[in-house]
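Enquirer: Contents are compact mmCIF, C-alpha atoms and all ligand atoms; file name structure-v4.txt:
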```
# COMPACT_ATOMS: atom_id res chain seq x y z
CA MET A 1 44.68 -3.69 -61.80
CA LYS A 2 47.87 -5.69 -61.12
CA THR A 3 49.51 -4.94 -57.74
CA ARG A 4 52.82 -3.17 -58.25
CA LYS A 5 55.90 -4.58 -56.55
CA ALA A 6 58.91 -2.63 -55.22
CA ILE A 7 62.39 -3.76 -54.27
CA ILE A 8 63.78 -1.71 -51.40
CA ILE A 9 67.52 -1.76 -50.86
CA GLY A 10 68.53 -1.21 -47.22
CA ALA A 11 66.70 -1.80 -43.93
CA GLY A 12 68.14 1.17 -42.03
CA ILE A 13 65.88 4.07 -41.06
CA SER A 14 64.25 4.84 -44.40
CA GLY A 15 63.99 1.29 -45.84
CA PRO A 16 61.31 -0.18 -43.52
CA ALA A 17 59.52 3.21 -43.37
CA MET A 18 59.39 3.29 -47.18
CA ALA A 19 57.95 -0.22 -47.31
CA LEU A 20 55.27 0.73 -44.77
CA GLN A 21 54.33 3.88 -46.69
CA LEU A 22 54.11 1.87 -49.93
CA ARG A 23 51.84 -0.66 -48.21
CA ARG A 24 49.45 2.22 -47.42
CA ILE A 25 49.10 2.90 -51.16
CA GLY A 26 48.85 -0.74 -52.24
CA ILE A 27 52.42 -1.33 -53.48
CA GLU A 28 53.99 -4.54 -52.14
CA SER A 29 57.67 -4.46 -51.19
CA VAL A 30 60.55 -6.74 -50.32
CA VAL A 31 63.32 -5.10 -48.29
CA TYR A 32 66.86 -6.34 -48.93
CA GLU A 33 69.48 -5.53 -46.29
CA GLY A 34 73.20 -5.98 -46.95
CA ARG A 35 74.16 -6.73 -43.35
CA SER A 36 74.04 -10.40 -42.58
CA HIS A 37 72.37 -10.16 -39.17
CA SER A 38 69.00 -8.81 -38.08
CA ASP A 39 70.43 -7.17 -34.95
CA THR A 40 69.57 -3.45 -35.03
CA SER A 41 71.65 -2.37 -32.04
CA GLU A 42 74.47 -0.84 -34.10
CA GLY A 43 74.94 2.89 -33.99
CA VAL A 44 74.60 5.28 -31.12
CA PHE A 45 71.82 7.83 -30.95
CA LEU A 46 70.30 10.38 -33.23
CA GLY A 47 67.97 13.33 -33.07
CA LEU A 48 64.38 13.09 -34.14
CA THR A 49 62.95 16.58 -34.52
CA PRO A 50 59.21 17.40 -34.83
CA ASN A 51 59.27 17.10 -38.64
CA GLY A 52 60.77 13.58 -38.36
CA GLN A 53 58.27 12.50 -35.73
CA ASN A 54 55.38 13.84 -37.77
CA ALA A 55 56.66 11.86 -40.76
CA VAL A 56 56.68 8.61 -38.83
CA ARG A 57 53.61 9.00 -36.60
CA ASP A 58 51.35 6.97 -38.93
CA LEU A 59 53.81 4.05 -38.80
CA VAL A 60 54.88 3.69 -35.18
CA ASP A 61 53.44 4.61 -31.81
CA LEU A 62 55.38 7.76 -30.89
CA THR A 63 55.10 7.03 -27.17
CA LEU A 64 57.33 3.97 -27.73
CA LEU A 65 60.11 6.27 -28.93
CA ARG A 66 60.13 7.79 -25.45
CA GLU A 67 60.74 4.51 -23.64
CA LYS A 68 64.44 5.43 -23.63
CA TYR A 69 65.34 8.94 -24.68
CA THR A 70 67.05 12.17 -23.81
CA PRO A 71 65.21 15.49 -24.23
CA GLY A 72 66.13 17.94 -26.99
CA LYS A 73 66.52 21.01 -24.74
CA MET A 74 70.10 22.32 -24.91
CA GLU A 75 72.17 24.14 -22.32
CA PHE A 76 75.46 25.69 -23.41
CA TYR A 77 78.48 25.99 -21.10
CA ASN A 78 81.92 27.52 -21.52
CA ALA A 79 85.23 25.97 -20.47
CA LEU A 80 84.79 27.42 -16.97
CA ASN A 81 81.46 25.65 -16.58
CA ARG A 82 79.52 28.91 -16.80
CA LYS A 83 76.14 28.60 -18.47
CA ILE A 84 76.24 30.86 -21.52
CA GLY A 85 72.93 30.08 -23.19
CA GLN A 86 70.04 27.71 -23.57
CA LEU A 87 67.66 26.47 -26.24
CA ASP A 88 64.31 25.35 -24.94
CA THR A 89 62.11 22.91 -26.84
CA ALA A 90 59.06 23.07 -24.53
CA ARG A 91 56.98 25.09 -27.00
CA GLN A 92 57.63 22.75 -29.92
CA ARG A 93 54.74 20.50 -28.92
CA GLU A 94 52.14 23.26 -29.33
CA GLN A 95 53.95 24.81 -32.31
CA PHE A 96 54.75 21.68 -34.29
CA GLY A 97 52.86 18.81 -32.63
CA ALA A 98 55.97 17.06 -31.26
CA GLU A 99 59.10 17.85 -29.27
CA THR A 100 62.67 17.01 -30.31
CA ILE A 101 64.21 13.97 -28.65
CA GLN A 102 67.40 11.96 -28.97
CA LEU A 103 66.91 8.23 -29.19
CA LYS A 104 69.05 5.21 -29.90
CA ARG A 105 69.25 4.55 -33.62
CA GLY A 106 68.70 0.88 -32.88
CA LYS A 107 65.41 1.66 -31.13
CA LEU A 108 64.02 3.59 -34.09
CA ASN A 109 65.35 1.03 -36.55
CA GLY A 110 63.93 -1.84 -34.45
CA LEU A 111 60.46 -0.25 -34.17
CA LEU A 112 60.29 0.38 -37.91
CA ARG A 113 61.45 -3.12 -38.76
CA GLN A 114 58.96 -4.66 -36.30
CA ALA A 115 56.14 -2.56 -37.79
CA ALA A 116 57.06 -3.79 -41.29
CA LEU A 117 57.35 -7.42 -40.19
CA ALA A 118 53.99 -7.13 -38.36
CA GLN A 119 52.46 -6.23 -41.73
CA LYS A 120 54.15 -9.27 -43.29
CA ILE A 121 56.60 -7.19 -45.31
CA PRO A 122 59.66 -9.41 -45.84
CA ILE A 123 63.06 -8.08 -44.70
CA CYS A 124 65.82 -10.28 -46.12
CA THR A 125 69.25 -9.87 -44.52
CA GLY A 126 72.63 -10.83 -46.02
CA LYS A 127 71.54 -9.37 -49.39
CA LYS A 128 74.16 -6.94 -50.55
CA LEU A 129 73.17 -5.28 -53.82
CA THR A 130 75.84 -5.72 -56.48
CA SER A 131 74.09 -5.15 -59.83
CA LEU A 132 70.99 -3.43 -61.15
CA ARG A 133 69.45 -3.58 -64.62
CA GLN A 134 66.59 -1.54 -66.06
CA THR A 135 64.41 -4.02 -67.96
CA GLY A 136 62.05 -1.68 -69.80
CA ASN A 137 59.08 -2.48 -67.60
CA GLY A 138 60.92 -2.51 -64.27
CA VAL A 139 64.25 -3.48 -62.71
CA SER A 140 66.16 -6.64 -61.93
CA VAL A 141 68.90 -6.92 -59.32
CA THR A 142 71.50 -9.35 -58.09
CA PHE A 143 73.07 -9.69 -54.67
CA ALA A 144 76.56 -10.68 -53.52
CA ASP A 145 75.31 -14.17 -52.58
CA GLY A 146 74.34 -14.82 -56.22
CA THR A 147 70.56 -14.54 -55.74
CA GLY A 148 68.42 -11.92 -57.44
CA ASP A 149 64.94 -10.46 -57.83
CA ALA A 150 62.87 -8.32 -60.20
CA ALA A 151 60.13 -5.77 -59.62
CA ASP A 152 58.23 -2.86 -61.15
CA LEU A 153 60.28 -0.34 -59.24
CA LEU A 154 63.26 -0.04 -56.92
CA ILE A 155 63.93 2.40 -54.09
CA GLY A 156 67.53 2.82 -52.92
CA CYS A 157 67.49 3.34 -49.13
CA ASP A 158 71.07 2.18 -48.71
CA GLY A 159 72.66 5.10 -46.95
CA VAL A 160 75.59 7.40 -47.53
CA HIS A 161 77.72 4.82 -49.38
CA SER A 162 74.73 3.73 -51.48
CA ALA A 163 75.43 0.95 -53.99
CA THR A 164 72.17 1.87 -55.73
CA ARG A 165 73.49 5.41 -56.34
CA LYS A 166 76.76 4.07 -57.79
CA LEU A 167 74.90 1.66 -60.08
CA LEU A 168 72.35 4.23 -61.26
CA PHE A 169 74.83 7.07 -61.72
CA PRO A 170 78.30 5.59 -62.28
CA GLY A 171 79.81 9.06 -62.84
CA ALA A 172 78.30 10.64 -59.72
CA PRO A 173 80.74 12.08 -57.17
CA LEU A 174 81.54 9.89 -54.17
CA PRO A 175 81.01 11.05 -50.59
CA ARG A 176 84.05 12.93 -49.35
CA TYR A 177 85.47 12.47 -45.85
CA THR A 178 85.41 15.90 -44.15
CA GLY A 179 88.28 15.17 -41.76
CA LEU A 180 85.83 15.22 -38.86
CA LEU A 181 85.20 12.15 -36.75
CA SER A 182 81.91 12.05 -34.93
CA THR A 183 82.13 9.87 -31.83
CA GLY A 184 79.51 8.82 -29.33
CA ALA A 185 78.87 6.35 -26.56
CA TYR A 186 77.06 5.51 -23.34
CA ALA A 187 78.32 5.42 -19.78
CA ARG A 188 76.98 4.73 -16.31
CA LEU A 189 78.16 6.96 -13.49
CA PRO A 190 76.69 7.41 -10.04
CA GLY A 191 74.85 10.60 -9.16
CA MET A 192 74.08 11.78 -12.68
CA GLU A 193 70.28 11.30 -12.65
CA SER A 194 69.65 14.87 -11.46
CA LEU A 195 71.11 16.16 -14.76
CA PHE A 196 68.19 14.67 -16.74
CA GLY A 197 66.36 17.36 -18.72
CA ALA A 198 68.85 18.89 -21.16
CA ILE A 199 71.80 18.15 -23.40
CA HIS A 200 74.86 19.83 -21.89
CA MET A 201 76.82 21.35 -24.77
CA VAL A 202 80.24 22.28 -23.44
CA PHE A 203 82.65 24.48 -25.41
CA GLY A 204 85.75 23.17 -23.71
CA GLU A 205 89.20 24.71 -23.77
CA LYS A 206 90.30 22.75 -26.83
CA ALA A 207 87.23 20.89 -28.06
CA PHE A 208 83.48 20.60 -27.88
CA PHE A 209 81.77 17.86 -25.82
CA ALA A 210 78.06 17.14 -25.33
CA TYR A 211 76.35 14.86 -22.84
CA ALA A 212 72.85 14.17 -21.63
CA VAL A 213 71.27 11.85 -19.10
CA SER A 214 68.50 9.56 -20.37
CA ASN A 215 65.18 8.99 -18.63
CA GLN A 216 66.78 5.72 -17.45
CA GLY A 217 69.78 7.41 -15.84
CA GLU A 218 72.31 6.47 -18.52
CA VAL A 219 74.76 9.10 -19.82
CA TRP A 220 74.73 9.56 -23.61
CA TRP A 221 77.56 11.60 -25.03
CA PHE A 222 78.96 12.76 -28.33
CA ASN A 223 81.88 14.75 -29.59
CA ASN A 224 83.43 15.68 -32.94
CA TYR A 225 87.13 16.04 -33.48
CA ARG A 226 89.50 16.46 -36.38
CA ARG A 227 91.24 13.32 -37.62
CA ALA A 228 93.02 13.85 -40.92
CA GLU A 229 93.12 10.18 -41.83
CA GLU A 230 89.82 8.58 -42.79
CA PRO A 231 89.24 5.49 -40.62
CA SER A 232 88.71 2.20 -42.39
CA PRO A 233 85.35 0.40 -41.99
CA GLY A 234 87.07 -2.11 -39.67
CA GLU A 235 88.34 0.64 -37.39
CA VAL A 236 84.92 2.26 -37.31
CA GLU A 237 83.39 -0.96 -36.03
CA GLY A 238 85.11 -0.57 -32.64
CA GLU A 239 88.88 -0.78 -32.94
CA LEU A 240 89.17 2.97 -32.50
CA THR A 241 87.85 3.02 -28.92
CA ALA A 242 91.27 3.12 -27.22
CA GLU A 243 92.58 5.79 -29.60
CA ILE A 244 89.49 8.00 -29.18
CA LYS A 245 89.50 7.64 -25.42
CA ARG A 246 93.14 8.67 -25.20
CA ARG A 247 92.61 11.61 -27.53
CA LEU A 248 89.48 12.87 -25.77
CA LEU A 249 90.96 12.62 -22.28
CA GLN A 250 93.83 14.71 -23.58
CA LEU A 251 91.66 17.29 -25.36
CA HIS A 252 89.45 17.75 -22.29
CA ARG A 253 92.17 17.56 -19.65
CA ASN A 254 91.36 21.04 -18.27
CA ASP A 255 87.61 20.95 -18.82
CA PRO A 256 85.01 20.87 -16.06
CA HIS A 257 83.64 17.80 -14.33
CA PRO A 258 82.06 15.40 -15.33
CA ILE A 259 83.54 15.30 -18.87
CA ARG A 260 86.67 13.28 -18.08
CA ALA A 261 84.77 11.04 -15.66
CA ILE A 262 82.25 10.24 -18.43
CA ILE A 263 84.99 9.41 -20.94
CA ALA A 264 86.84 7.28 -18.41
CA ALA A 265 83.66 5.34 -17.53
CA THR A 266 82.94 4.48 -21.19
CA ASP A 267 83.71 0.99 -22.50
CA ALA A 268 82.98 1.09 -26.24
CA ILE A 269 82.96 4.19 -28.39
CA ALA A 270 81.31 4.32 -31.81
CA ALA A 271 83.05 6.37 -34.49
CA TYR A 272 81.34 7.88 -37.52
CA PRO A 273 83.47 9.67 -40.06
CA VAL A 274 81.48 12.69 -41.26
CA TYR A 275 81.01 12.66 -45.04
CA GLU A 276 79.89 15.35 -47.40
CA LEU A 277 77.97 14.23 -50.44
CA PRO A 278 78.10 16.78 -53.26
CA PHE A 279 74.57 17.72 -54.23
CA LEU A 280 73.13 15.36 -56.84
CA GLU A 281 71.02 17.02 -59.52
CA ARG A 282 69.11 13.78 -60.08
CA TRP A 283 67.93 11.14 -57.65
CA HIS A 284 66.13 8.84 -60.09
CA ARG A 285 66.66 6.99 -63.32
CA GLY A 286 64.19 4.75 -65.12
CA ALA A 287 62.29 2.65 -62.60
CA ALA A 288 64.64 3.37 -59.69
CA CYS A 289 64.90 6.23 -57.20
CA LEU A 290 67.07 7.17 -54.21
CA VAL A 291 65.83 8.39 -50.83
CA GLY A 292 67.43 9.40 -47.51
CA ASP A 293 71.21 9.47 -47.19
CA ALA A 294 71.57 7.65 -50.51
CA ALA A 295 70.23 10.79 -52.22
CA HIS A 296 71.39 13.57 -49.91
CA ALA A 297 73.54 12.61 -46.91
CA THR A 298 73.82 15.53 -44.50
CA SER A 299 76.39 16.16 -41.78
CA PRO A 300 75.06 15.43 -38.27
CA HIS A 301 75.35 18.97 -36.86
CA ILE A 302 71.66 19.86 -36.81
CA GLY A 303 70.37 16.30 -36.36
CA GLN A 304 68.33 16.13 -39.56
CA GLY A 305 69.61 12.92 -41.26
CA ALA A 306 66.91 10.57 -39.98
CA SER A 307 64.12 13.17 -40.08
CA LEU A 308 64.82 14.08 -43.70
CA ALA A 309 64.97 10.41 -44.70
CA LEU A 310 61.60 9.80 -43.05
CA GLU A 311 60.06 12.86 -44.71
CA ASP A 312 61.24 11.51 -48.09
CA THR A 313 59.31 8.29 -47.62
CA VAL A 314 56.00 10.12 -47.10
CA VAL A 315 56.50 12.42 -50.09
CA LEU A 316 57.56 9.61 -52.41
CA ALA A 317 54.60 7.44 -51.41
CA ARG A 318 52.17 10.32 -52.10
CA CYS A 319 53.75 10.86 -55.53
CA LEU A 320 53.57 7.16 -56.42
CA ARG A 321 49.96 7.03 -55.20
CA ASP A 322 48.77 9.91 -57.38
CA ILE A 323 50.99 9.67 -60.46
CA PRO A 324 50.65 6.23 -62.07
CA ASP A 325 53.83 6.44 -64.18
CA ALA A 326 56.76 5.64 -61.84
CA GLU A 327 59.31 7.79 -63.63
CA ARG A 328 57.03 10.84 -63.54
CA ALA A 329 56.24 10.14 -59.90
CA PHE A 330 59.99 10.05 -59.12
CA ALA A 331 60.49 13.35 -60.97
CA ALA A 332 57.66 14.93 -58.95
CA PHE A 333 59.24 13.63 -55.72
CA GLU A 334 62.59 15.09 -56.66
CA ALA A 335 61.08 18.46 -57.57
CA ARG A 336 59.22 18.62 -54.25
CA ARG A 337 62.24 17.71 -52.12
CA GLN A 338 65.39 19.18 -53.64
CA GLU A 339 65.14 22.80 -52.49
CA ARG A 340 64.27 21.92 -48.88
CA VAL A 341 66.98 19.29 -48.62
CA ARG A 342 69.61 21.53 -50.18
CA ARG A 343 68.88 24.34 -47.68
CA ILE A 344 69.04 21.98 -44.70
CA VAL A 345 72.31 20.38 -45.83
CA GLN A 346 73.84 23.86 -46.16
CA GLN A 347 72.54 24.92 -42.73
CA ALA A 348 74.08 21.79 -41.13
CA ARG A 349 77.46 22.52 -42.70
CA LYS A 350 77.50 26.05 -41.30
CA VAL A 351 76.68 24.90 -37.76
CA GLY A 352 79.46 22.28 -37.97
CA ASP A 353 81.98 25.00 -38.78
CA ASN A 354 81.10 26.79 -35.50
CA LYS A 355 81.86 23.87 -33.18
CA THR A 356 85.61 24.10 -33.45
CA SER A 357 87.34 25.93 -30.61
CA PRO A 358 88.54 29.49 -31.36
CA GLY A 359 91.39 31.32 -29.54
CA LYS A 360 90.98 33.18 -26.22
CA ILE A 361 89.47 36.37 -27.75
CA GLY A 362 87.18 34.28 -29.96
CA GLN A 363 86.03 32.33 -26.89
CA PHE A 364 85.27 35.56 -25.01
CA LEU A 365 83.20 36.92 -27.90
CA ARG A 366 81.44 33.57 -28.40
CA ASP A 367 80.46 33.44 -24.70
CA LEU A 368 79.11 36.97 -24.96
CA LEU A 369 77.19 36.51 -28.18
CA LEU A 370 76.04 32.91 -27.85
CA PRO A 371 72.58 33.66 -26.37
CA PHE A 372 71.89 35.89 -29.38
CA PHE A 373 73.15 33.26 -31.86
CA VAL A 374 71.14 30.52 -30.13
CA ARG A 375 67.92 32.56 -30.45
CA ARG A 376 68.72 33.31 -34.08
CA GLU A 377 69.47 29.64 -34.88
CA ALA A 378 66.27 28.56 -33.10
CA LYS A 379 64.24 30.94 -35.27
CA LYS A 380 66.09 29.65 -38.34
CA SER A 381 65.06 26.09 -37.46
CA ASN A 382 61.33 26.80 -37.24
CA TRP A 383 60.78 26.29 -40.96
CA VAL A 384 62.63 22.95 -40.72
CA TYR A 385 60.52 21.67 -37.81
CA ALA A 386 57.18 23.01 -39.05
CA TYR A 387 57.24 20.82 -42.16
CA ARG A 388 54.33 18.40 -42.29
CA GLU A 389 53.05 16.47 -45.30
CA ASP A 390 49.32 16.50 -45.88
CA TRP A 391 48.79 12.83 -46.72
CA LEU A 392 45.26 13.35 -48.04
CA ARG A 393 46.08 16.16 -50.49
CA PRO A 394 46.46 14.84 -54.05
CA VAL A 395 49.80 15.37 -55.83
CA THR A 396 49.85 16.46 -59.45
CA GLY A 397 52.74 15.57 -61.72
C1 LIG B 401 75.08 0.73 -38.77
C2 LIG B 401 74.70 2.18 -38.79
C3 LIG B 401 74.80 2.95 -37.62
C4 LIG B 401 74.46 4.30 -37.63
N1 LIG B 401 74.55 5.01 -36.47
C5 LIG B 401 74.23 6.32 -36.42
C6 LIG B 401 74.32 7.06 -35.20
O1 LIG B 401 74.71 6.56 -34.17
N2 LIG B 401 73.97 8.37 -35.22
C7 LIG B 401 73.53 8.98 -36.37
O2 LIG B 401 73.19 10.17 -36.34
N3 LIG B 401 73.42 8.30 -37.53
C8 LIG B 401 73.77 6.99 -37.59
N4 LIG B 401 73.69 6.30 -38.77
C9 LIG B 401 73.20 7.01 -39.97
C10 LIG B 401 71.69 7.27 -39.91
O3 LIG B 401 70.98 6.10 -39.65
C11 LIG B 401 71.27 7.88 -41.25
O4 LIG B 401 72.03 9.05 -41.46
C12 LIG B 401 69.85 8.37 -41.33
O5 LIG B 401 69.02 7.76 -40.41
C13 LIG B 401 69.28 8.21 -42.76
O6 LIG B 401 68.81 6.90 -42.92
P1 LIG B 401 68.91 6.05 -44.25
O7 LIG B 401 67.82 5.07 -44.19
O8 LIG B 401 69.00 6.94 -45.44
O9 LIG B 401 70.32 5.31 -44.15
P2 LIG B 401 70.84 4.26 -43.07
O10 LIG B 401 70.06 4.34 -41.83
O11 LIG B 401 72.30 4.46 -43.02
O12 LIG B 401 70.50 2.84 -43.73
C14 LIG B 401 71.15 2.30 -44.86
C15 LIG B 401 70.98 0.79 -44.85
O13 LIG B 401 71.37 0.26 -46.11
C16 LIG B 401 72.17 -0.89 -45.90
N5 LIG B 401 73.05 -1.09 -47.08
C17 LIG B 401 74.15 -0.40 -47.41
N6 LIG B 401 74.67 -0.88 -48.57
C18 LIG B 401 73.86 -1.88 -48.98
C19 LIG B 401 73.86 -2.76 -50.11
N7 LIG B 401 74.82 -2.72 -51.07
N8 LIG B 401 72.85 -3.68 -50.24
C20 LIG B 401 71.87 -3.75 -49.28
N9 LIG B 401 71.84 -2.96 -48.18
C21 LIG B 401 72.81 -2.03 -48.04
C22 LIG B 401 72.93 -0.56 -44.62
O14 LIG B 401 73.44 -1.71 -43.98
C23 LIG B 401 71.84 0.12 -43.79
O15 LIG B 401 71.06 -0.79 -43.05
C24 LIG B 401 74.03 4.94 -38.84
C25 LIG B 401 73.93 4.19 -40.02
C26 LIG B 401 74.26 2.82 -40.01
C27 LIG B 401 74.15 2.02 -41.30
```
Output the structure of this file as structure tokens.
Expert:
Amino acid sequence: MKTRKAIIIGAGISGPAMALQLRRIGIESVVYEGRSHSDTSEGVFLGLTPNGQNAVRDLVDLTLLREKYTPGKMEFYNALNRKIGQLDTARQREQFGAETIQLKRGKLNGLLRQAALAQKIPICTGKKLTSLRQTGNGVSVTFADGTGDAADLLIGCDGVHSATRKLLFPGAPLPRYTGLLSTGAYARLPGMESLFGAIHMVFGEKAFFAYAVSNQGEVWWFNNYRRAEEPSPGEVEGELTAEIKRRLLQLHRNDPHPIRAIIAATDAIAAYPVYELPFLERWHRGAACLVGDAAHATSPHIGQGASLALEDTVVLARCLRDIPDAERAFAAFEARRQERVRRIVQQARKVGDNKTSPGKIGQFLRDLLLPFFVRREAKKSNWVYAYREDWLRPVTG
């Protein structure tokens, strides 16, 4: 039987993982990445929960993810620096086979790309998808540099602003800026090493701020704040640092040490506008299918973006392995994923709504009730973390 070939658009988190999963089932891929460089250091850090680690454990050595990381345990503090709750992750290992960590996006991206390259899967950079045509027995594409390619199938792994999505579904709604700017960065400050062990989630007087110390003694921090105007891509790439720094120092002017010291010691701050993608009823058309953020971008509040994208790649590979017709395989993938993804996206939105700072009475009640809410949220997350695909079980269409 002829070997099937796939074009994969995007070499972010899901692209190289998808190519590796397809290799396991005998489909050859070429990954096309729009960015012109092969540097993977962009981005700050992201959460990889047990379900995400279980989805990637056949592709990369999980111990490598822990070379530089911060643990997933959370400790919650109020504006007076009083500990008001905690969320332990120690039992996740026995419950789910892995424990939540935060790691640099570039590290995960780099490991996945290296694993693909080690298996001789080509990753071509500087290839921005601009057109896509269904040919009857596959797809053909062209890139901004005038080159093109054709294959039996195409998987769009090109993120929240997916060109594949726009080309497949020209009428589909565009991602909407939520008015929330997610910011994050790294800093080095003396004497912080002893704080290794938990993410400090501080409900400050006017805004929320979170920081953790990595196993290498570096401080990793993030914060969300309201910014009515959507930043342009140029601003996002670094120009906003001075503005964010000023704004955060102001917002946290009365908050406990070391928040202001961390902000002051930071050189470059990454900014990610938070987008909401209205739920798409369909993720596939003809010989092409969307996965990860391209299909279902989620807000960052429960750290599921990367984990969901990685889960997708396992499910789609199983469907393509067991259902020979690509379009039917895509339909089976969609049917298996939509309900789970929809529930998680909704859960993330709700958590995001709770991070804004209420008035004095609201703060008092939040401090009082937080331990209860934390336990309730932890229980609510069990079904998310427990998810594990059984690779060997056949899929029926
Ligand atoms: C540069 C960058 C930095 C990020 N940093 C963070 C972070 O710090 N924290 C966090 O939580 N999430 C971050 N994210 C988002 C996070 O990686 C995703 O939400 C999640 O991992 C889902 O992965 P994905 O593979 O679906 O999409 P992504 O990881 O976003 O990958 C999409 C890929 O497609 C490429 N692409 C886009 N358009 C085209 C096109 N027309 N043709 C070809 N290729 C194209 C992009 O360059 C990118 O490499 C970042 C995304 C990017 C692109």
Enquirer: Counting all atoms listed in the file, name the residues that have an atom within 7 Å of an atom of ligand LIG 401 (chain B); the answer should be given as number ranges by chain.
Expert: A: 9-15, 32-35, 42-47, 105, 127-130, 157-163, 291-294, 297, 300, 303, 305-306, 309
Enquirer: Looking at A:Ser182, A:Thr164, A:Gln347, A:Gln53, which one is nearest to Ser381 of chain A, with distances taken over all atoms listed in the file?
Expert: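 Checking each candidate against Ser381 of chain A, we get A:Gln347 as the closest.
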Enquirer: Neighbours of Gln114 of chain A within 10 Å (all atoms listed in the file; same-chain residues fewer than 6 positions away dropped), as a list in words?
Expert: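 Final neighbour list, sorted by chain and number: Pro16, Val60, Leu108, Lys120, Ile121 and Ile123 of chain A.
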Enquirer: Quote the spacing between atom CA of Leu132 of chain A and atom CA of Pro173 of chain A in Å to one decimal place.
Expert: 18.7 Å
Enquirer: One decimal, Å: what's the distance from atom CA of Pro394 of chain A over to atom CA of Leu320 of chain A, could you say?
Expert: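 Separation between atom CA of Pro394 of chain A and atom CA of Leu320 of chain A: 10.7 Å.
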Enquirer: How far is it from atom CA of Glu334 of chain A to atom CA of Trp283 of chain A, in Å with one decimal?
Expert: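 So the answer is 6.7 Å.
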Enquirer: Point out the residue among A:Thr89, A:Thr70, A:Thr266, A:Thr298 with the least atom-to-atom distance to Gln216 of chain A, counting all atoms listed in the file.
Expert: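 Closest to Gln216 of chain A of all the choices is A:Thr70.
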Enquirer: A:Leu103, A:Leu195, A:Ile323, A:Leu392: which is nearest Thr49 of chain A, counting only C-alpha atoms?
Expert: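 So, comparing all the options, the nearest one is A:Leu103.
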